[in-house]
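protein.csv, holding CSV, C-alpha atoms:
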```
chain,number,residue,atom,x,y,z
R,1,MET,CA,115.7,77.9,88.6
R,2,THR,CA,113.7,81.1,89.3
R,3,PRO,CA,115.5,83.3,91.9
R,4,PRO,CA,113.7,83.2,95.3
R,5,VAL,CA,111.1,85.9,95.6
R,6,LEU,CA,111.1,85.6,99.4
R,7,PRO,CA,113.7,84.0,101.8
R,8,ARG,CA,113.0,80.7,103.4
R,9,PHE,CA,110.6,80.9,106.3
R,10,GLU,CA,112.6,80.5,109.5
R,11,GLY,CA,110.5,82.5,111.9
R,12,GLY,CA,107.3,81.7,113.7
R,13,ARG,CA,108.9,80.2,116.9
R,14,ARG,CA,106.8,82.3,119.2
R,15,ALA,CA,103.6,81.6,117.3
R,16,LEU,CA,104.5,77.9,117.2
R,17,GLY,CA,105.1,77.8,121.0
R,18,LEU,CA,101.9,79.7,121.8
R,19,SER,CA,99.8,77.6,119.5
R,20,ALA,CA,101.2,74.4,120.9
R,21,ALA,CA,100.5,75.6,124.4
R,22,LEU,CA,96.9,76.5,123.6
R,23,GLY,CA,96.6,73.1,122.0
R,24,VAL,CA,97.8,71.3,125.0
R,25,VAL,CA,95.7,73.3,127.4
R,26,GLY,CA,92.6,72.9,125.3
R,27,LEU,CA,92.9,69.2,124.8
R,28,GLY,CA,93.8,68.8,128.4
R,29,ALA,CA,90.7,70.6,129.5
R,30,THR,CA,88.6,68.4,127.2
R,31,ALA,CA,90.2,65.3,128.8
R,32,VAL,CA,89.2,66.6,132.2
R,33,GLY,CA,85.7,67.1,130.8
R,34,ALA,CA,85.6,63.4,129.9
R,35,LEU,CA,86.0,62.5,133.6
R,36,LEU,CA,82.8,64.4,134.3
R,37,ASP,CA,80.7,63.4,131.4
R,38,VAL,CA,82.3,61.3,128.7
R,39,ARG,CA,79.5,61.6,126.2
R,40,GLN,CA,79.4,65.4,126.3
R,41,ALA,CA,83.2,65.6,126.2
R,42,LEU,CA,83.3,63.3,123.1
R,43,ALA,CA,80.6,65.4,121.5
R,44,GLY,CA,82.6,68.5,121.9
R,45,TYR,CA,85.7,66.7,120.7
R,46,LEU,CA,83.9,65.6,117.6
R,47,PHE,CA,82.9,69.2,116.9
R,48,GLY,CA,86.5,70.4,117.1
R,49,PHE,CA,87.8,67.5,115.1
R,50,THR,CA,85.3,67.9,112.4
R,51,TYR,CA,85.8,71.7,112.1
R,52,TRP,CA,89.6,71.7,111.8
R,53,LEU,CA,89.7,68.5,109.6
R,54,GLY,CA,87.2,70.2,107.3
R,55,LEU,CA,89.4,73.2,106.8
R,56,SER,CA,92.4,70.9,106.0
R,57,LEU,CA,90.4,68.9,103.5
R,58,GLY,CA,88.9,72.0,102.0
R,59,ALA,CA,92.4,73.2,101.4
R,60,LEU,CA,93.4,69.8,99.9
R,61,LEU,CA,90.4,69.8,97.5
R,62,LEU,CA,91.1,73.4,96.6
R,63,LEU,CA,94.7,72.6,95.9
R,64,ALA,CA,93.9,69.6,93.8
R,65,SER,CA,91.3,71.6,91.8
R,66,PHE,CA,93.8,74.3,91.0
R,67,HIS,CA,96.2,71.6,89.7
R,68,ALA,CA,93.5,69.9,87.7
R,69,SER,CA,92.4,73.2,86.1
R,70,LYS,CA,96.0,74.2,85.4
R,71,ALA,CA,95.3,77.6,87.0
R,72,ARG,CA,98.2,80.0,87.0
R,73,TRP,CA,96.9,82.9,89.2
R,74,PRO,CA,96.9,80.9,92.5
R,75,VAL,CA,100.5,79.7,92.3
R,76,VAL,CA,101.5,82.3,94.9
R,77,LEU,CA,98.9,80.8,97.3
R,78,ARG,CA,99.9,77.2,96.8
R,79,ARG,CA,102.5,76.8,99.5
R,80,ALA,CA,99.9,77.8,102.2
R,81,LEU,CA,97.4,75.4,100.7
R,82,GLU,CA,100.0,72.6,100.6
R,83,VAL,CA,101.0,73.0,104.2
R,84,THR,CA,97.3,73.1,105.3
R,85,ALA,CA,96.5,70.1,103.2
R,86,ALA,CA,99.4,68.0,104.5
R,87,LEU,CA,98.1,67.8,108.1
R,88,ALA,CA,96.3,64.4,107.7
R,89,PRO,CA,98.8,62.5,109.8
R,90,LEU,CA,98.0,64.8,112.7
R,91,PHE,CA,94.3,64.2,112.4
R,92,LEU,CA,94.9,60.5,112.3
R,93,LEU,CA,96.4,60.8,115.8
R,94,LEU,CA,93.6,63.1,116.9
R,95,PHE,CA,91.1,60.5,115.7
R,96,VAL,CA,92.2,57.9,118.3
R,97,PRO,CA,89.9,59.2,121.2
R,98,LEU,CA,86.9,59.1,118.8
R,99,ALA,CA,87.7,55.6,117.9
R,100,LEU,CA,88.0,54.6,121.5
R,101,GLY,CA,84.8,56.3,122.6
R,102,MET,CA,82.7,55.7,119.5
R,103,ARG,CA,80.1,53.7,121.5
R,104,HIS,CA,79.1,56.9,123.3
R,105,LEU,CA,78.4,58.7,120.0
R,106,PHE,CA,77.1,56.3,117.4
R,107,PRO,CA,73.9,54.4,118.1
R,108,TRP,CA,74.7,51.5,115.8
R,109,VAL,CA,77.8,50.5,117.8
R,110,ALA,CA,75.8,49.2,120.8
R,111,PRO,CA,72.0,49.5,120.0
R,112,SER,CA,69.8,49.7,123.1
R,113,ALA,CA,66.3,48.4,123.3
R,114,ASN,CA,64.7,51.8,123.9
R,115,LEU,CA,65.5,52.8,120.3
R,116,GLY,CA,62.4,51.0,119.2
R,117,ALA,CA,61.8,47.9,117.1
R,118,HIS,CA,61.8,49.7,113.7
R,119,THR,CA,65.1,51.4,114.4
R,120,LEU,CA,66.7,48.2,115.6
R,121,GLU,CA,65.6,46.5,112.5
R,122,VAL,CA,67.1,49.2,110.3
R,123,LEU,CA,70.4,49.1,112.3
R,124,ASP,CA,70.5,45.3,111.9
R,125,HIS,CA,69.9,45.7,108.2
R,126,ARG,CA,72.9,48.1,107.9
R,127,ARG,CA,75.2,46.0,110.1
R,128,LEU,CA,77.2,44.8,107.1
R,129,TYR,CA,78.4,48.4,106.6
R,130,ASN,CA,78.0,49.9,110.1
R,131,ASN,CA,80.2,47.7,112.2
R,132,VAL,CA,83.3,48.7,114.2
R,133,PRO,CA,86.0,46.8,112.3
R,134,PHE,CA,84.9,48.0,108.9
R,135,PHE,CA,84.4,51.5,110.3
R,136,LEU,CA,88.0,51.6,111.5
R,137,VAL,CA,89.3,50.1,108.3
R,138,ARG,CA,87.5,52.8,106.3
R,139,ALA,CA,88.9,55.5,108.6
R,140,VAL,CA,92.4,54.3,108.0
R,141,LEU,CA,91.8,54.3,104.3
R,142,TYR,CA,90.5,57.9,104.4
R,143,PHE,CA,93.6,59.1,106.2
R,144,LEU,CA,96.0,57.2,104.0
R,145,THR,CA,94.4,58.8,100.9
R,146,TRP,CA,94.4,62.3,102.3
R,147,GLY,CA,97.9,61.9,103.7
R,148,LEU,CA,99.5,60.4,100.6
R,149,VAL,CA,98.0,63.0,98.2
R,150,GLY,CA,98.8,65.9,100.6
R,151,ALA,CA,102.3,64.7,101.3
R,152,LEU,CA,103.2,64.1,97.7
R,153,LEU,CA,101.9,67.5,96.5
R,154,TYR,CA,103.9,69.2,99.2
R,155,ARG,CA,107.1,67.2,98.8
R,156,TRP,CA,107.1,67.6,95.0
R,157,SER,CA,106.6,71.3,95.3
R,158,VAL,CA,109.4,71.7,97.8
R,159,ARG,CA,111.7,69.5,95.6
R,160,GLN,CA,111.0,71.8,92.7
R,161,ASP,CA,112.2,74.7,94.8
R,162,ALA,CA,115.6,72.9,95.1
R,163,THR,CA,116.0,71.5,91.6
R,164,GLY,CA,114.0,73.9,89.3
R,165,ASP,CA,112.9,70.8,87.3
R,166,VAL,CA,109.6,71.6,85.5
R,167,ARG,CA,108.6,67.9,85.6
R,168,TRP,CA,107.4,68.4,89.2
R,169,THR,CA,104.8,70.8,88.0
R,170,LEU,CA,103.6,68.1,85.5
R,171,TRP,CA,103.5,65.5,88.3
R,172,GLN,CA,101.6,67.7,90.6
R,173,ARG,CA,99.0,68.4,87.9
R,174,ARG,CA,98.6,64.8,87.1
R,175,LEU,CA,98.2,63.8,90.8
R,176,GLY,CA,95.9,66.8,91.5
R,177,GLY,CA,93.5,66.0,88.7
R,178,GLY,CA,93.8,62.2,89.1
R,179,SER,CA,93.2,62.2,92.8
R,180,LEU,CA,90.0,64.3,92.8
R,181,PRO,CA,87.7,61.2,92.4
R,182,ALA,CA,89.4,59.5,95.3
R,183,LEU,CA,89.3,62.7,97.4
R,184,GLY,CA,85.7,63.2,96.6
R,185,LEU,CA,84.7,59.6,97.5
R,186,THR,CA,86.7,59.5,100.7
R,187,PHE,CA,85.3,62.9,101.8
R,188,SER,CA,81.8,61.7,101.1
R,189,PHE,CA,82.0,58.5,103.0
R,190,MET,CA,83.8,60.3,105.8
R,191,THR,CA,80.7,62.5,106.3
R,192,LEU,CA,78.4,59.5,106.2
R,193,ASP,CA,80.5,57.6,108.7
R,194,TRP,CA,81.5,60.3,111.2
R,195,MET,CA,78.5,62.7,111.0
R,196,MET,CA,75.4,61.3,109.4
R,197,SER,CA,75.5,58.0,111.2
R,198,LEU,CA,75.1,59.9,114.5
R,199,GLU,CA,71.4,59.5,113.7
R,200,ALA,CA,70.2,55.9,113.9
R,201,THR,CA,68.0,55.9,110.8
R,202,TRP,CA,68.3,59.3,109.0
R,203,GLN,CA,69.9,59.5,105.6
R,204,SER,CA,70.3,62.0,102.8
R,205,THR,CA,72.0,61.7,99.4
R,206,VAL,CA,72.8,65.5,99.5
R,207,TYR,CA,74.5,65.5,102.9
R,208,ALA,CA,78.0,64.9,101.7
R,209,ALA,CA,77.7,67.8,99.2
R,210,TYR,CA,76.4,70.0,101.9
R,211,VAL,CA,79.3,69.3,104.2
R,212,PHE,CA,81.8,69.6,101.3
R,213,SER,CA,80.5,73.1,100.3
R,214,GLY,CA,80.9,74.3,103.9
R,215,ALA,CA,84.4,72.9,104.1
R,216,PHE,CA,85.3,74.5,100.8
R,217,VAL,CA,84.0,77.9,102.0
R,218,GLY,CA,86.1,77.4,105.2
R,219,GLY,CA,89.2,76.6,103.2
R,220,LEU,CA,88.9,79.6,101.0
R,221,ALA,CA,88.2,81.9,104.0
R,222,LEU,CA,91.2,80.5,105.8
R,223,MET,CA,93.5,81.3,102.8
R,224,ILE,CA,92.1,84.9,102.6
R,225,VAL,CA,92.7,85.5,106.4
R,226,ALA,CA,96.2,84.0,106.2
R,227,GLY,CA,97.1,86.2,103.3
R,228,ALA,CA,95.8,89.3,104.9
R,229,ALA,CA,97.5,88.5,108.2
R,230,THR,CA,100.9,88.2,106.5
R,231,ARG,CA,100.7,91.3,104.2
R,232,ASP,CA,103.3,93.2,106.2
R,233,THR,CA,105.7,90.2,106.7
R,234,ARG,CA,108.1,88.4,104.4
R,235,HIS,CA,105.6,85.7,103.7
R,236,PHE,CA,103.2,84.9,100.9
R,237,GLY,CA,100.7,87.6,101.9
R,238,SER,CA,103.1,90.3,100.9
R,239,LEU,CA,102.9,89.1,97.3
R,240,LEU,CA,99.1,89.0,97.0
R,241,SER,CA,97.7,91.7,94.8
R,242,PRO,CA,94.1,93.1,94.7
R,243,GLY,CA,93.7,90.7,91.7
R,244,HIS,CA,94.3,87.7,93.9
R,245,TYR,CA,91.9,88.9,96.6
R,246,HIS,CA,89.2,89.6,93.9
R,247,ARG,CA,89.5,86.1,92.6
R,248,LEU,CA,89.4,84.6,96.1
R,249,GLY,CA,86.5,86.7,97.0
R,250,THR,CA,84.6,85.7,93.9
R,251,LEU,CA,85.2,82.0,94.7
R,252,LEU,CA,84.1,82.6,98.2
R,253,PHE,CA,80.9,84.2,97.0
R,254,ALA,CA,80.3,81.4,94.5
R,255,PHE,CA,80.6,78.6,97.1
R,256,ILE,CA,78.5,80.5,99.7
R,257,CYS,CA,75.8,80.5,97.0
R,258,PHE,CA,76.5,76.8,96.3
R,259,TRP,CA,76.2,76.0,100.0
R,260,ALA,CA,72.8,77.8,100.2
R,261,TYR,CA,71.6,75.9,97.1
R,262,ILE,CA,72.6,72.5,98.5
R,263,ALA,CA,71.0,73.4,101.9
R,264,TYR,CA,67.8,74.5,100.2
R,265,SER,CA,67.7,71.4,97.9
R,266,GLN,CA,68.1,69.0,100.8
R,267,LEU,CA,65.4,70.7,102.9
R,268,MET,CA,63.0,71.0,100.0
R,269,LEU,CA,63.3,67.4,98.9
R,270,ILE,CA,63.0,66.0,102.4
R,271,TRP,CA,60.1,68.3,103.4
R,272,VAL,CA,58.1,67.5,100.2
R,273,ALA,CA,58.6,63.8,100.6
R,274,SER,CA,57.4,64.1,104.2
R,275,LEU,CA,58.9,60.7,105.3
R,276,PRO,CA,58.8,60.5,109.1
R,277,GLU,CA,62.4,59.1,109.4
R,278,GLU,CA,63.7,62.0,107.3
R,279,VAL,CA,61.6,65.0,108.3
R,280,SER,CA,62.4,64.4,112.0
R,281,TRP,CA,66.0,65.5,111.4
R,282,TYR,CA,64.7,68.9,110.3
R,283,ARG,CA,62.0,69.2,112.9
R,284,VAL,CA,64.6,69.1,115.7
R,285,ARG,CA,66.6,71.8,114.0
R,286,LEU,CA,63.7,74.1,113.1
R,287,GLU,CA,61.7,74.0,116.3
R,288,ASP,CA,62.3,75.2,119.8
R,289,GLY,CA,65.8,76.2,120.8
R,290,TRP,CA,67.7,74.8,117.8
R,291,GLY,CA,65.4,76.9,115.5
R,292,ALA,CA,67.3,80.0,116.6
R,293,LEU,CA,70.6,78.5,115.6
R,294,SER,CA,69.0,77.7,112.2
R,295,LEU,CA,68.0,81.4,111.8
R,296,VAL,CA,71.5,82.5,112.7
R,297,LEU,CA,72.9,80.1,110.1
R,298,LEU,CA,70.6,81.3,107.4
R,299,LEU,CA,71.4,85.0,108.0
R,300,GLY,CA,75.0,84.6,108.9
R,301,HIS,CA,76.2,82.0,106.4
R,302,PHE,CA,74.2,83.2,103.4
R,303,VAL,CA,72.2,86.5,103.5
R,304,ILE,CA,74.8,88.8,105.1
R,305,PRO,CA,77.9,87.6,103.3
R,306,PHE,CA,75.9,87.3,100.0
R,307,ALA,CA,75.0,91.0,100.3
R,308,LEU,CA,78.6,92.1,101.2
R,309,LEU,CA,80.4,90.1,98.6
R,310,LEU,CA,78.2,91.5,95.8
R,311,SER,CA,80.5,94.5,96.1
R,312,ARG,CA,83.4,94.5,93.6
R,313,GLU,CA,85.3,97.0,95.7
R,314,LEU,CA,85.1,95.0,98.9
R,315,LYS,CA,86.5,91.9,97.2
R,316,ALA,CA,89.6,93.8,96.1
R,317,ARG,CA,90.3,95.2,99.6
R,318,PRO,CA,92.3,92.7,101.7
R,319,ARG,CA,91.2,93.9,105.2
R,320,ALA,CA,87.6,94.1,104.3
R,321,LEU,CA,87.6,90.7,102.6
R,322,ALA,CA,89.5,89.2,105.5
R,323,ALA,CA,86.9,90.5,107.9
R,324,VAL,CA,84.1,88.8,105.9
R,325,SER,CA,86.3,85.6,105.8
R,326,LEU,CA,86.7,85.7,109.6
R,327,TRP,CA,83.0,86.0,109.9
R,328,MET,CA,82.6,82.9,107.6
R,329,LEU,CA,85.0,80.9,109.7
R,330,GLY,CA,82.8,81.7,112.6
R,331,MET,CA,79.7,80.7,110.7
R,332,HIS,CA,81.3,77.5,109.6
R,333,ALA,CA,81.6,76.6,113.3
R,334,VAL,CA,77.9,77.4,113.7
R,335,ASP,CA,77.2,75.1,110.7
R,336,VAL,CA,79.2,72.2,112.1
R,337,ALA,CA,77.5,72.6,115.5
R,338,TRP,CA,74.1,72.7,113.8
R,339,LEU,CA,74.9,69.4,112.0
R,340,LEU,CA,76.3,67.6,115.1
R,341,PHE,CA,74.7,68.7,118.3
R,342,PRO,CA,70.9,68.3,117.5
R,343,SER,CA,71.7,64.7,116.5
R,344,LEU,CA,73.4,64.0,119.8
R,345,PHE,CA,71.1,66.0,122.0
R,346,PRO,CA,67.7,66.1,120.3
R,347,GLU,CA,65.6,66.6,123.4
R,348,ALA,CA,67.3,69.8,124.6
R,349,VAL,CA,69.6,72.5,123.4
R,350,VAL,CA,73.0,71.4,124.6
R,351,ILE,CA,76.3,72.8,123.4
R,352,PRO,CA,78.9,71.2,125.7
R,353,TRP,CA,81.7,73.5,127.1
R,354,THR,CA,84.1,70.9,125.8
R,355,ALA,CA,83.2,72.1,122.3
R,356,PHE,CA,85.1,75.3,123.0
R,357,THR,CA,88.1,73.6,124.6
R,358,ALA,CA,88.3,71.0,121.9
R,359,TRP,CA,88.1,73.7,119.2
R,360,VAL,CA,90.9,75.7,120.8
R,361,GLY,CA,92.9,72.6,121.5
R,362,MET,CA,92.7,71.2,118.0
R,363,GLY,CA,93.1,74.6,116.4
R,364,GLY,CA,96.3,75.2,118.5
R,365,VAL,CA,97.9,71.9,117.5
R,366,SER,CA,96.9,72.3,113.9
R,367,VAL,CA,98.4,75.8,113.6
R,368,ALA,CA,101.5,74.7,115.5
R,369,ALA,CA,101.9,71.7,113.1
R,370,ALA,CA,101.4,74.0,110.0
R,371,ILE,CA,104.1,76.5,111.3
R,372,TRP,CA,106.5,73.6,112.0
R,373,LEU,CA,105.9,72.2,108.5
R,374,SER,CA,106.5,75.6,107.0
R,375,ARG,CA,109.8,76.2,108.7
R,376,GLY,CA,112.8,75.8,106.4
R,377,ALA,CA,110.7,76.1,103.2
R,378,TYR,CA,110.0,79.0,100.9
R,379,PRO,CA,106.7,80.7,101.5
R,380,VAL,CA,105.9,80.4,97.8
R,381,PRO,CA,106.9,77.8,95.2
R,382,VAL,CA,109.8,79.9,93.9
R,383,ALA,CA,110.8,77.5,91.1
R,384,ASP,CA,107.3,77.0,89.6
R,385,PRO,CA,107.4,78.1,86.0
R,386,TYR,CA,104.1,80.0,86.4
R,387,LEU,CA,105.0,82.0,89.5
R,388,VAL,CA,105.8,85.0,87.3
R,389,HIS,CA,102.3,84.9,85.8
R,390,SER,CA,100.8,84.7,89.3
R,391,LEU,CA,102.7,87.7,90.5
R,392,GLN,CA,101.4,89.7,87.6
R,393,VAL,CA,97.7,89.1,88.3
R,394,ARG,CA,95.6,92.2,88.2
R,395,PRO,CA,91.9,92.8,89.0
R,396,PRO,CA,89.7,91.8,86.0
```

Whole structure given in structure tokens:
Amino acid sequence: MTPPVLPRFEGGRRALGLSAALGVVGLGATAVGALLDVRQALAGYLFGFTYWLGLSLGALLLLASFHASKARWPVVLRRALEVTAALAPLFLLLFVPLALGMRHLFPWVAPSANLGAHTLEVLDHRRLYNNVPFFLVRAVLYFLTWGLVGALLYRWSVRQDATGDVRWTLWQRRLGGGSLPALGLTFSFMTLDWMMSLEATWQSTVYAAYVFSGAFVGGLALMIVAGAATRDTRHFGSLLSPGHYHRLGTLLFAFICFWAYIAYSQLMLIWVASLPEEVSWYRVRLEDGWGALSLVLLLGHFVIPFALLLSRELKARPRALAAVSLWMLGMHAVDVAWLLFPSLFPEAVVIPWTAFTAWVGMGGVSVAAAIWLSRGAYPVPVADPYLVHSLQVRPP
């Protein structure tokens, strides 16, 4: 077995306690908000849930992609990805309030007569798919898929630390590559169920790819920030070289461009077709108050980071790249808000205060769960046969 590069992680108690406290306070404040206005509270809760679940799924897809491609350079990053990807059971628990209050969010649960005859006809046509029992069954299937893949990849990696058996690398590669179709399908249907169906009749075949690209950008940004934040500790960040940051920065740049391409493709196709039930989705977001948020998203999620990440030097500097990544995590929040809130509040610009409390609450419990899961394990997969190759990465 390869000698440990870093000792087992036994710290983080203070950070765990603080994160858990923030989580309890944030979720508690959101629950208080539900007593005042249950729909606005659930809208904010859905925002926080979608944001943090997206980061976890982005890490899971990134981890599976690395295994499928047999990449050696990101081995030193893998434990952080494994921990982030293994949080599906937590989000299954956090999904319960959404399942209980879904009639306040989704128009197909209890259609009202003021939706109009055409809309009611469309909802009735989709009832075979959009009904509460099948919706909940699908949700359980999604969490089972994400939880099983994430748990096995993490468990096999930790088991290899103890035994040094190279077969665990082979098993992880097989599962990573073999699970990508299932992960892609469940992610796509999740976006259709929990996000796109907030609109009674709107639909887009590009929507899932758009949400995926944003989650992937968020997952990459989170790994960069985590690595830079642990540079001066005995954690995985102390082993990251400028070569690692350059590769992560290049991937971040690539998927920012992919996000912009998918966003433009969806807008162009819908606007050219000019179908009333489709164009209305963009009209809400491009006019009046929501139009300002669209401009912020265009500049902040694409134009500014695109210009910054063109720099080769910036991508090799951990602090500078981490600053851009922090910015992208903020822009990802704007992106999620842009997707959700105009669908829920099309007549006025409404961003509930519970969006902030839910974001803090779910972020707190997610970080606490990740720290708890990390304790007792090595910060990097010390027995992976390709760890030595990862540690020797240099800028191209």

>> When you look at range 16-24 of chain R with a cut-off of 12 Å (counting all atoms listed in the file), what residues show up, excluding the ones that are within fewer than 4 positions of it in the same chain? I need them as a count of residues only.
In response: 29

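The closest residue to Leu63 in chain R, picked from R:Ser311, R:Ser197, R:Ser179, R:Thr163 and counting only C-alpha atoms, is R:Ser179.
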
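When CA of Arg138 in chain R is paired with CA of Asp193 in chain R, their separation reads 8.8 Å.
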
Kindly provide the residues of range 281-332 of chain R that approach range 208-214 of chain R to within 10 Å, each paired with its closest atom pair and their distance in Å to one decimal, based on only C-alpha atoms, listed by chain and increasing number, as a Markdown table.
```
| residue | atom | partner | partner_atom | distance |
| --- | --- | --- | --- | --- |
| R:His301 | CA | R:Gly214 | CA | 9.4 |
| R:Met328 | CA | R:Gly214 | CA | 9.5 |
| R:Leu329 | CA | R:Gly214 | CA | 9.7 |
| R:Met331 | CA | R:Gly214 | CA | 9.4 |
| R:His332 | CA | R:Gly214 | CA | 6.5 |
```

Contacts of Ala221 in chain R at 8 Å (all atoms listed in the file; same-chain gap of 4+ positions) as a PDB file with C-alpha atoms, in the frame of the given file:
```pdb
ATOM      1  CA  VAL R 217      84.000  77.900 102.000  1.00  0.00           C
ATOM      2  CA  VAL R 225      92.700  85.500 106.400  1.00  0.00           C
ATOM      3  CA  LEU R 252      84.100  82.600  98.200  1.00  0.00           C
ATOM      4  CA  ALA R 322      89.500  89.200 105.500  1.00  0.00           C
ATOM      5  CA  SER R 325      86.300  85.600 105.800  1.00  0.00           C
ATOM      6  CA  LEU R 326      86.700  85.700 109.600  1.00  0.00           C
ATOM      7  CA  MET R 328      82.600  82.900 107.600  1.00  0.00           C
ATOM      8  CA  LEU R 329      85.000  80.900 109.700  1.00  0.00           C
TER       9      LEU R 329
END
```
